[in-house]
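Below is coords32.cif, holding mmCIF, C-alpha atoms and all ligand atoms.
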data_final
loop_
_atom_site.group_PDB
_atom_site.id
_atom_site.type_symbol
_atom_site.label_atom_id
_atom_site.label_comp_id
_atom_site.auth_asym_id
_atom_site.auth_seq_id
_atom_site.Cartn_x
_atom_site.Cartn_y
_atom_site.Cartn_z
ATOM 1 C CA MET A 1 -17.251 -12.273 -7.225
ATOM 2 C CA LYS A 2 -19.579 -12.933 -4.308
ATOM 3 C CA ILE A 3 -19.699 -10.604 -1.323
ATOM 4 C CA ILE A 4 -20.920 -12.457 1.736
ATOM 5 C CA LYS A 5 -21.827 -10.656 4.931
ATOM 6 C CA ASN A 6 -23.719 -13.292 6.906
ATOM 7 C CA ILE A 7 -22.463 -16.298 8.807
ATOM 8 C CA SER A 8 -25.410 -18.393 7.604
ATOM 9 C CA GLU A 9 -24.528 -17.664 3.965
ATOM 10 C CA ILE A 10 -20.809 -18.369 4.313
ATOM 11 C CA THR A 11 -21.579 -21.586 6.216
ATOM 12 C CA GLN A 12 -23.785 -22.733 3.320
ATOM 13 C CA ILE A 13 -21.126 -21.850 0.730
ATOM 14 C CA VAL A 14 -18.404 -23.651 2.710
ATOM 15 C CA SER A 15 -20.622 -26.711 3.101
ATOM 16 C CA ASP A 16 -21.387 -26.766 -0.670
ATOM 17 C CA LEU A 17 -17.707 -26.386 -1.547
ATOM 18 C CA HIS A 18 -16.754 -29.257 0.738
ATOM 19 C CA LYS A 19 -19.570 -31.428 -0.671
ATOM 20 C CA ASN A 20 -18.104 -30.807 -4.122
ATOM 21 C CA LYS A 21 -14.649 -31.773 -2.802
ATOM 22 C CA LYS A 22 -13.362 -28.231 -3.330
ATOM 23 C CA GLN A 23 -10.603 -26.959 -1.084
ATOM 24 C CA ILE A 24 -10.711 -23.460 0.375
ATOM 25 C CA ASN A 25 -7.851 -20.959 0.548
ATOM 26 C CA LEU A 26 -8.393 -18.246 3.141
ATOM 27 C CA ILE A 27 -6.723 -14.826 3.113
ATOM 28 C CA PRO A 28 -7.664 -12.906 6.256
ATOM 29 C CA THR A 29 -7.357 -9.096 6.024
ATOM 30 C CA MET A 30 -8.617 -5.943 7.665
ATOM 31 C CA GLY A 31 -9.220 -4.320 4.280
ATOM 32 C CA ASN A 32 -7.672 -1.220 2.739
ATOM 33 C CA ILE A 33 -6.371 -3.679 0.195
ATOM 34 C CA HIS A 34 -2.883 -2.962 -1.126
ATOM 35 C CA ALA A 35 -0.139 -4.762 -3.057
ATOM 36 C CA GLY A 36 0.832 -6.771 0.048
ATOM 37 C CA HIS A 37 -2.645 -8.255 0.398
ATOM 38 C CA LEU A 38 -2.852 -8.900 -3.346
ATOM 39 C CA SER A 39 0.401 -10.864 -3.204
ATOM 40 C CA LEU A 40 -1.300 -13.246 -0.744
ATOM 41 C CA LEU A 41 -4.155 -13.733 -3.228
ATOM 42 C CA THR A 42 -1.644 -14.289 -6.056
ATOM 43 C CA GLU A 43 0.077 -16.926 -3.925
ATOM 44 C CA ALA A 44 -3.291 -18.571 -3.174
ATOM 45 C CA LYS A 45 -4.047 -18.841 -6.888
ATOM 46 C CA LYS A 46 -1.018 -21.129 -7.291
ATOM 47 C CA PHE A 47 -2.962 -23.753 -5.333
ATOM 48 C CA ASP A 48 -6.179 -25.614 -6.062
ATOM 49 C CA GLY A 49 -9.363 -24.383 -4.477
ATOM 50 C CA THR A 50 -11.681 -21.448 -4.017
ATOM 51 C CA ASN A 51 -10.100 -18.265 -2.694
ATOM 52 C CA ILE A 52 -11.893 -16.392 0.074
ATOM 53 C CA VAL A 53 -10.572 -13.008 1.190
ATOM 54 C CA SER A 54 -12.025 -11.945 4.512
ATOM 55 C CA ILE A 55 -12.306 -8.264 5.338
ATOM 56 C CA PHE A 56 -12.973 -7.623 8.988
ATOM 57 C CA ILE A 57 -11.567 -4.778 11.060
ATOM 58 C CA ASN A 58 -11.383 -6.717 14.267
ATOM 59 C CA PRO A 59 -12.110 -4.482 17.273
ATOM 60 C CA ALA A 60 -10.762 -7.140 19.657
ATOM 61 C CA GLN A 61 -7.196 -6.685 18.401
ATOM 62 C CA PHE A 62 -7.000 -2.909 18.836
ATOM 63 C CA ASN A 63 -5.592 -1.965 22.190
ATOM 64 C CA GLU A 64 -6.400 1.718 21.622
ATOM 65 C CA GLU A 65 -9.868 2.903 20.654
ATOM 66 C CA ASN A 66 -8.456 5.792 18.610
ATOM 67 C CA ASP A 67 -6.414 3.387 16.529
ATOM 68 C CA PHE A 68 -9.589 1.440 15.721
ATOM 69 C CA THR A 69 -11.530 4.632 14.916
ATOM 70 C CA ASN A 70 -8.750 5.933 12.651
ATOM 71 C CA TYR A 71 -8.077 2.630 10.876
ATOM 72 C CA PRO A 72 -8.707 3.200 7.135
ATOM 73 C CA LYS A 73 -12.088 1.857 6.053
ATOM 74 C CA THR A 74 -12.308 1.632 2.269
ATOM 75 C CA PHE A 75 -14.692 -1.248 1.649
ATOM 76 C CA ASP A 76 -16.093 -0.142 -1.739
ATOM 77 C CA ILE A 77 -12.627 0.474 -3.171
ATOM 78 C CA ASP A 78 -11.443 -2.863 -1.729
ATOM 79 C CA VAL A 79 -14.305 -4.635 -3.517
ATOM 80 C CA ASP A 80 -13.270 -3.059 -6.852
ATOM 81 C CA ILE A 81 -9.612 -4.009 -6.383
ATOM 82 C CA LEU A 82 -10.423 -7.582 -5.391
ATOM 83 C CA ALA A 83 -12.890 -7.996 -8.273
ATOM 84 C CA LYS A 84 -10.188 -6.867 -10.713
ATOM 85 C CA ALA A 85 -7.793 -9.344 -9.076
ATOM 86 C CA ASN A 86 -10.320 -12.136 -9.738
ATOM 87 C CA CYS A 87 -11.029 -12.905 -6.123
ATOM 88 C CA GLU A 88 -13.910 -15.378 -5.950
ATOM 89 C CA ILE A 89 -15.451 -14.595 -2.572
ATOM 90 C CA ILE A 90 -15.177 -11.738 -0.093
ATOM 91 C CA PHE A 91 -16.356 -12.522 3.411
ATOM 92 C CA ALA A 92 -17.055 -9.223 5.155
ATOM 93 C CA PRO A 93 -19.182 -9.753 8.245
ATOM 94 C CA SER A 94 -20.301 -6.994 10.612
ATOM 95 C CA ILE A 95 -18.929 -6.765 14.150
ATOM 96 C CA LYS A 96 -22.331 -7.890 15.503
ATOM 97 C CA GLU A 97 -22.297 -10.925 13.254
ATOM 98 C CA ILE A 98 -18.909 -12.047 14.563
ATOM 99 C CA TYR A 99 -19.257 -10.939 18.179
ATOM 100 C CA PRO A 100 -22.985 -11.035 19.045
ATOM 101 C CA ARG A 101 -22.107 -10.874 22.744
ATOM 102 C CA GLY A 102 -19.329 -8.273 22.453
ATOM 103 C CA ALA A 103 -15.757 -8.398 21.224
ATOM 104 C CA ASN A 104 -14.143 -10.414 23.976
ATOM 105 C CA SER A 105 -10.932 -12.302 23.464
ATOM 106 C CA LYS A 106 -9.130 -14.983 25.421
ATOM 107 C CA LYS A 107 -5.435 -15.711 25.756
ATOM 108 C CA THR A 108 -4.958 -19.163 24.261
ATOM 109 C CA VAL A 109 -1.493 -18.986 22.711
ATOM 110 C CA PHE A 110 1.336 -18.481 25.195
ATOM 111 C CA LYS A 111 4.301 -19.121 22.918
ATOM 112 C CA TYR A 112 6.127 -16.173 21.293
ATOM 113 C CA ARG A 113 4.551 -13.824 23.841
ATOM 114 C CA ASP A 114 5.902 -11.108 26.170
ATOM 115 C CA ILE A 115 8.282 -9.904 23.458
ATOM 116 C CA LEU A 116 8.154 -7.483 20.499
ATOM 117 C CA CYS A 117 4.608 -6.211 19.816
ATOM 118 C CA ASP A 118 3.141 -8.110 22.757
ATOM 119 C CA ILE A 119 4.894 -5.744 25.172
ATOM 120 C CA SER A 120 3.453 -2.524 23.786
ATOM 121 C CA ARG A 121 0.128 -3.850 22.463
ATOM 122 C CA SER A 122 -1.386 -5.635 25.410
ATOM 123 C CA GLY A 123 -4.187 -7.996 24.354
ATOM 124 C CA HIS A 124 -3.530 -7.476 20.638
ATOM 125 C CA PHE A 125 -2.506 -11.049 19.902
ATOM 126 C CA ASP A 126 -5.398 -12.444 21.950
ATOM 127 C CA GLY A 127 -7.702 -10.476 19.656
ATOM 128 C CA VAL A 128 -5.853 -11.820 16.613
ATOM 129 C CA THR A 129 -6.006 -15.477 17.673
ATOM 130 C CA THR A 130 -9.662 -15.084 18.647
ATOM 131 C CA ILE A 131 -10.755 -13.768 15.231
ATOM 132 C CA VAL A 132 -8.514 -16.143 13.272
ATOM 133 C CA LYS A 133 -9.915 -19.149 15.168
ATOM 134 C CA ILE A 134 -13.476 -17.901 14.489
ATOM 135 C CA LEU A 135 -12.615 -17.606 10.775
ATOM 136 C CA PHE A 136 -11.018 -21.074 10.759
ATOM 137 C CA ASP A 137 -14.131 -22.582 12.374
ATOM 138 C CA LEU A 138 -16.481 -20.868 9.918
ATOM 139 C CA ILE A 139 -14.507 -21.259 6.708
ATOM 140 C CA LYS A 140 -12.649 -24.532 7.370
ATOM 141 C CA PRO A 141 -9.841 -23.706 4.937
ATOM 142 C CA SER A 142 -7.216 -26.145 3.653
ATOM 143 C CA ARG A 143 -4.743 -23.293 3.448
ATOM 144 C CA VAL A 144 -4.390 -19.917 5.057
ATOM 145 C CA PHE A 145 -2.129 -17.142 3.806
ATOM 146 C CA PHE A 146 -0.329 -14.740 6.126
ATOM 147 C CA GLY A 147 2.356 -12.156 5.450
ATOM 148 C CA GLU A 148 5.848 -12.198 6.914
ATOM 149 C CA LYS A 149 5.459 -8.469 7.448
ATOM 150 C CA ASP A 150 3.677 -9.352 10.687
ATOM 151 C CA PHE A 151 6.200 -11.980 11.625
ATOM 152 C CA GLN A 152 5.269 -12.436 15.290
ATOM 153 C CA GLN A 153 1.622 -12.794 14.250
ATOM 154 C CA LEU A 154 2.664 -15.469 11.757
ATOM 155 C CA LYS A 155 4.465 -17.448 14.470
ATOM 156 C CA ILE A 156 1.517 -17.128 16.850
ATOM 157 C CA ILE A 157 -0.921 -18.327 14.162
ATOM 158 C CA GLU A 158 1.409 -21.242 13.439
ATOM 159 C CA GLN A 159 1.199 -22.109 17.126
ATOM 160 C CA LEU A 160 -2.607 -21.690 17.127
ATOM 161 C CA ILE A 161 -2.815 -24.266 14.313
ATOM 162 C CA ILE A 162 -0.469 -26.673 16.131
ATOM 163 C CA GLN A 163 -2.274 -26.350 19.485
ATOM 164 C CA ASN A 164 -5.683 -27.025 17.939
ATOM 165 C CA ASN A 165 -4.438 -29.875 15.754
ATOM 166 C CA LEU A 166 -5.897 -28.151 12.712
ATOM 167 C CA LYS A 167 -5.317 -29.574 9.253
ATOM 168 C CA ILE A 168 -4.598 -26.152 7.817
ATOM 169 C CA ASN A 169 -1.519 -25.438 5.783
ATOM 170 C CA LEU A 170 -0.096 -22.049 6.782
ATOM 171 C CA ILE A 171 1.491 -20.399 3.743
ATOM 172 C CA LYS A 172 3.990 -17.704 4.711
ATOM 173 C CA CYS A 173 4.229 -14.919 2.146
ATOM 174 C CA PRO A 174 7.194 -12.538 1.825
ATOM 175 C CA SER A 175 6.789 -8.823 2.459
ATOM 176 C CA ILE A 176 5.922 -6.647 -0.508
ATOM 177 C CA ARG A 177 7.758 -3.369 -0.221
ATOM 178 C CA ASP A 178 7.365 0.195 -1.402
ATOM 179 C CA LEU A 179 10.171 1.882 -3.351
ATOM 180 C CA ASN A 180 11.634 3.170 -0.072
ATOM 181 C CA GLY A 181 12.213 -0.414 1.075
ATOM 182 C CA MET A 182 9.487 -0.495 3.736
ATOM 183 C CA SER A 183 6.636 -3.029 3.616
ATOM 184 C CA TYR A 184 3.276 -1.697 2.503
ATOM 185 C CA SER A 185 0.765 -1.241 5.296
ATOM 186 C CA SER A 186 -2.842 -0.048 5.388
ATOM 187 C CA ARG A 187 -1.940 2.291 8.230
ATOM 188 C CA TYR A 188 0.462 4.257 6.018
ATOM 189 C CA SER A 189 -2.356 5.246 3.647
ATOM 190 C CA THR A 190 -3.308 7.935 6.181
ATOM 191 C CA PHE A 191 0.141 9.617 6.201
ATOM 192 C CA SER A 192 0.098 13.324 5.462
ATOM 193 C CA GLN A 193 2.609 14.623 2.923
ATOM 194 C CA ASN A 194 4.991 15.620 5.723
ATOM 195 C CA GLN A 195 4.626 12.282 7.467
ATOM 196 C CA ARG A 196 5.343 10.535 4.165
ATOM 197 C CA LEU A 197 8.588 12.528 3.868
ATOM 198 C CA GLN A 198 9.531 11.681 7.450
ATOM 199 C CA PHE A 199 8.733 8.020 6.755
ATOM 200 C CA ASP A 200 11.039 8.062 3.716
ATOM 201 C CA GLU A 201 13.758 9.541 5.939
ATOM 202 C CA CYS A 202 13.276 6.714 8.486
ATOM 203 C CA ALA A 203 13.395 4.173 5.647
ATOM 204 C CA LYS A 204 16.705 5.661 4.479
ATOM 205 C CA ILE A 205 18.185 5.356 7.975
ATOM 206 C CA ILE A 206 17.096 1.731 8.374
ATOM 207 C CA ASN A 207 18.174 0.694 4.874
ATOM 208 C CA SER A 208 21.591 2.315 5.220
ATOM 209 C CA LYS A 209 22.256 0.271 8.381
ATOM 210 C CA LEU A 210 21.057 -3.041 6.974
ATOM 211 C CA ILE A 211 24.174 -3.522 4.849
ATOM 212 C CA ASN A 212 26.432 -3.137 7.911
ATOM 213 C CA LEU A 213 24.167 -5.241 10.063
ATOM 214 C CA LYS A 214 24.313 -8.043 7.498
ATOM 215 C CA LYS A 215 28.130 -7.877 7.549
ATOM 216 C CA ASN A 216 28.572 -7.558 11.274
ATOM 217 C CA LEU A 217 25.760 -7.982 13.734
ATOM 218 C CA ASN A 218 26.533 -5.782 16.729
ATOM 219 C CA ARG A 219 24.632 -3.778 19.325
ATOM 220 C CA GLU A 220 26.233 -0.489 18.261
ATOM 221 C CA ILE A 221 24.560 -0.635 14.861
ATOM 222 C CA LEU A 222 21.166 -1.275 16.463
ATOM 223 C CA GLN A 223 21.785 1.623 18.820
ATOM 224 C CA SER A 224 22.760 3.871 15.907
ATOM 225 C CA ILE A 225 19.456 3.057 14.154
ATOM 226 C CA GLU A 226 17.562 4.120 17.274
ATOM 227 C CA ASP A 227 19.730 7.233 17.708
ATOM 228 C CA GLU A 228 19.332 8.342 14.101
ATOM 229 C CA LEU A 229 15.590 7.711 14.100
ATOM 230 C CA LYS A 230 15.343 9.827 17.252
ATOM 231 C CA SER A 231 17.406 12.606 15.633
ATOM 232 C CA SER A 232 15.002 12.543 12.693
ATOM 233 C CA GLY A 233 12.095 13.262 15.044
ATOM 234 C CA ILE A 234 10.903 9.779 16.057
ATOM 235 C CA SER A 235 10.398 9.896 19.809
ATOM 236 C CA ASN A 236 8.615 6.620 20.417
ATOM 237 C CA ILE A 237 10.473 3.454 19.393
ATOM 238 C CA ASP A 238 8.908 0.219 20.657
ATOM 239 C CA TYR A 239 11.802 -2.032 19.680
ATOM 240 C CA CYS A 240 14.770 -2.437 17.372
ATOM 241 C CA GLU A 241 16.112 -5.948 17.818
ATOM 242 C CA VAL A 242 17.609 -8.868 15.960
ATOM 243 C CA ARG A 243 15.791 -12.121 16.603
ATOM 244 C CA SER A 244 15.789 -15.659 15.292
ATOM 245 C CA GLU A 245 13.095 -16.554 12.758
ATOM 246 C CA GLU A 246 12.718 -19.963 14.354
ATOM 247 C CA ASN A 247 12.084 -19.133 17.996
ATOM 248 C CA LEU A 248 11.980 -15.313 18.053
ATOM 249 C CA LYS A 249 14.733 -15.303 20.669
ATOM 250 C CA ILE A 250 17.361 -12.519 20.604
ATOM 251 C CA SER A 251 19.963 -13.530 18.070
ATOM 252 C CA LYS A 252 23.692 -12.989 18.081
ATOM 253 C CA LEU A 253 24.130 -14.341 14.564
ATOM 254 C CA ASN A 254 22.693 -13.254 11.238
ATOM 255 C CA GLU A 255 21.867 -16.796 10.284
ATOM 256 C CA LYS A 256 18.074 -17.212 10.012
ATOM 257 C CA SER A 257 17.615 -13.889 11.788
ATOM 258 C CA ARG A 258 15.782 -10.680 11.086
ATOM 259 C CA LEU A 259 15.881 -7.102 12.257
ATOM 260 C CA PHE A 260 12.542 -6.378 13.922
ATOM 261 C CA ILE A 261 11.546 -2.766 14.309
ATOM 262 C CA ALA A 262 8.475 -0.871 15.496
ATOM 263 C CA PHE A 263 8.054 2.830 16.147
ATOM 264 C CA TYR A 264 5.481 5.574 16.031
ATOM 265 C CA LEU A 265 5.404 8.262 13.398
ATOM 266 C CA SER A 266 3.036 10.694 15.109
ATOM 267 C CA LYS A 267 0.198 8.361 16.097
ATOM 268 C CA ILE A 268 0.736 5.889 13.269
ATOM 269 C CA ARG A 269 2.546 2.697 14.210
ATOM 270 C CA VAL A 270 5.231 1.488 11.820
ATOM 271 C CA ILE A 271 6.194 -2.164 12.047
ATOM 272 C CA ASP A 272 8.547 -4.055 9.791
ATOM 273 C CA ASN A 273 11.250 -6.710 9.711
ATOM 274 C CA PHE A 274 14.240 -7.321 7.475
ATOM 275 C CA ILE A 275 16.026 -10.533 6.578
ATOM 276 C CA LEU A 276 19.694 -10.395 7.631
ATOM 277 C CA TYR A 277 21.076 -13.400 5.753
HETATM 278 P P1 LIG A 301 -3.872 -6.650 7.572
HETATM 279 O O1 LIG A 301 -4.983 -6.263 6.663
HETATM 280 O O2 LIG A 301 -2.898 -5.574 7.840
HETATM 281 O O3 LIG A 301 -4.371 -7.336 8.831
HETATM 282 O O4 LIG A 301 -3.041 -7.761 6.802
HETATM 283 C C1 LIG A 301 -3.651 -8.923 6.300
HETATM 284 C C2 LIG A 301 -2.581 -9.867 5.853
HETATM 285 O O5 LIG A 301 -1.774 -9.259 4.844
HETATM 286 C C3 LIG A 301 -1.624 -10.279 6.991
HETATM 287 O O6 LIG A 301 -1.292 -11.640 6.834
HETATM 288 C C4 LIG A 301 -0.422 -9.391 6.740
HETATM 289 O O7 LIG A 301 0.783 -9.921 7.244
HETATM 290 C C5 LIG A 301 -0.415 -9.345 5.226
HETATM 291 N N1 LIG A 301 0.317 -8.181 4.754
HETATM 292 C C6 LIG A 301 0.123 -6.895 5.136
HETATM 293 N N2 LIG A 301 1.029 -6.084 4.532
HETATM 294 C C7 LIG A 301 1.800 -6.880 3.763
HETATM 295 C C8 LIG A 301 2.919 -6.646 2.901
HETATM 296 N N3 LIG A 301 3.400 -5.423 2.703
HETATM 297 N N4 LIG A 301 3.454 -7.718 2.262
HETATM 298 C C9 LIG A 301 2.974 -8.963 2.448
HETATM 299 N N5 LIG A 301 1.922 -9.248 3.253
HETATM 300 C C10 LIG A 301 1.340 -8.223 3.898
#
Whole structure, structure tokens version:
Amino acid sequence: MKIIKNISEITQIVSDLHKNKKQINLIPTMGNIHAGHLSLLTEAKKFDGTNIVSIFINPAQFNEENDFTNYPKTFDIDVDILAKANCEIIFAPSIKEIYPRGANSKKTVFKYRDILCDISRSGHFDGVTTIVKILFDLIKPSRVFFGEKDFQQLKIIEQLIIQNNLKINLIKCPSIRDLNGMSYSSRYSTFSQNQRLQFDECAKIINSKLINLKKNLNREILQSIEDELKSSGISNIDYCEVRSEENLKISKLNEKSRLFIAFYLSKIRVIDNFILY
């Protein structure tokens, strides 16, 4: 497995691969590799081509400096895990390499905005589209793999590809979940023992309501999720809504809809979504 840190090196590798008519599969991550990330690599292996996992904790997508500082950084362990998973190339550039003039981002995608995470994380998606476009330009992949766990991100990336007329196939990968039913996330690796217990309690509340929500989609059930989470000690809930997978508009039917939820457990943001059909 090659570990590439420089733009010049990755550009050379990409150029050689293309000369040899090899396709490239790109899996963008921010590291702290877990089963969710590995499922993207497993999906990539079903296709032809060389698999490149990028690891870059993108400062431009953090709307709070503390969140960036506290984000788990486990590069050496990530390298071991990815080597064991037979990843071919890791692209792990420094911040300076990617943003020589500072981590500025621009709003280029306007669809699927002003809802869900965009309300509470101002500028986050501009940071995401900025780094993903930089990675697309450098790595020129045939396919890119994103997780449905970050569903709004997935839709915004889909739009980024459409707007730029890119010939990149976006492969949407289902959420890989822990035993408690919640999707794995790098952020949860920093839970204390007590926070882990509280998280399991939240998971129980959400899971117990999903069955009813699937049977009968009504506002009262959504309200009861919020109420019960609050009773369990969660004071900051960003949203708890049912929206359409197609257009992310508020949904009154289960068909092609998901429950989208985001809340804070202490300072750690939990975000997840659940299929309702
Ligand atoms: P991150 O490192 O959190 O930026 O995630 C990198 C990619 O992995 C994104 O496309 C995420 O949606 C995806 N991902 C993160 N967690 C999971 C999960 N539990 N299941 C599936 N994909 C995931």
Considering only C-alpha atoms and all ligand atoms, tabulate each residue of chain A that lies at most 6 Å from ligand LIG 301 (chain A) along with its nearest interatomic pair and the corresponding distance in Å to one decimal; arrange the rows by chain and ascending residue number and present them as a Markdown table.
| residue | atom | partner | partner_atom | distance |
| --- | --- | --- | --- | --- |
| A:Pro28 | CA | A:LIG301 | C1 | 5.7 |
| A:Thr29 | CA | A:LIG301 | C1 | 3.7 |
| A:Met30 | CA | A:LIG301 | O1 | 3.8 |
| A:Gly31 | CA | A:LIG301 | O1 | 5.2 |
| A:Gly36 | CA | A:LIG301 | C8 | 3.5 |
| A:His37 | CA | A:LIG301 | O5 | 4.6 |
| A:Phe146 | CA | A:LIG301 | O6 | 3.3 |
| A:Gly147 | CA | A:LIG301 | O7 | 3.3 |
| A:Glu148 | CA | A:LIG301 | O7 | 5.6 |
| A:Lys149 | CA | A:LIG301 | O7 | 4.9 |
| A:Asp150 | CA | A:LIG301 | O7 | 4.5 |
| A:Pro174 | CA | A:LIG301 | C9 | 5.6 |
| A:Ser175 | CA | A:LIG301 | N4 | 3.5 |
| A:Ile176 | CA | A:LIG301 | N4 | 3.9 |
| A:Arg177 | CA | A:LIG301 | N3 | 5.6 |
| A:Ser183 | CA | A:LIG301 | N3 | 4.1 |
| A:Tyr184 | CA | A:LIG301 | N3 | 3.7 |
| A:Ser185 | CA | A:LIG301 | N2 | 4.9 |
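Near (-8.7, -11.8, 23.4), the residues inside the 8 Å limit, counting all atoms listed in the file, come to Ala60, Gln61, Asn104, Ser105, Lys106, Lys107, Gly123, His124, Phe125, Asp126, Gly127, Val128, Thr129 and Thr130 of chain A.
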Margin query: For the PyMOL selection byres (((chain A and resi 88) around 12) and not hetatm), applied here, can you spell out every residue it catches as a ChimeraX atom specification?
Written below: /A:1-4,13,24-27,41,44-45,49-54,79,82-87,89-91
Next item on the list: I would like the residues chosen by the PyMOL selection byres (((chain A and resi 154-163) around 10) and not hetatm) on the shown file; could you give them as a ChimeraX atom specification?
Entry: /A:108-113,125-126,128-130,132-133,136,144-153,164-173,245-248
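Matched in the shown structure by the PyMOL selection byres (((chain A and resi 219-227) around 10) and not hetatm): A:Cys202, A:Ile205, A:Ile206, A:Asn207, A:Ser208, A:Lys209, A:Leu210, A:Asn212, A:Leu213, A:Asn216, A:Leu217, A:Asn218, A:Glu228, A:Leu229, A:Lys230, A:Ser231, A:Ser232, A:Ile234, A:Ser235, A:Asn236, A:Ile237, A:Tyr239, A:Cys240, A:Glu241, A:Val242, A:Lys252, A:Leu259, A:Ile261, A:Phe263.
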Item checked: Selected residue, from A:Ser122, A:Asn6, A:Gln12, A:Asn20, that lies nearest to A:Asn63 when counting only C-alpha atoms ->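 Residue with the minimum atom-to-atom distance to A:Asn63: A:Ser122.
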Would you place a box with edges along x, y and z of the file around all atoms of stretch 238-244 of chain A listed there, add 4 Å to each of its six sides, and report the centre and edge lengths in Å to one decimal, as JSON?
{"center_x": 13.3, "center_y": -7.7, "center_z": 18.0, "size_x": 16.7, "size_y": 23.9, "size_z": 13.4}
Item checked: Which of A:Leu138, A:Leu265, A:Ile275, A:Ile119 sits closest to A:Glu97 [using only C-alpha atoms] ->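 The closest residue to A:Glu97 is A:Leu138.
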Check: Counting all atoms listed in the file, which of A:Val270, A:Leu38, A:Ile250, A:Ile131 gets nearest to A:Ile98?
Finding: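 Looking only at the distances to A:Ile98, the closest residue turns out to be A:Ile131.
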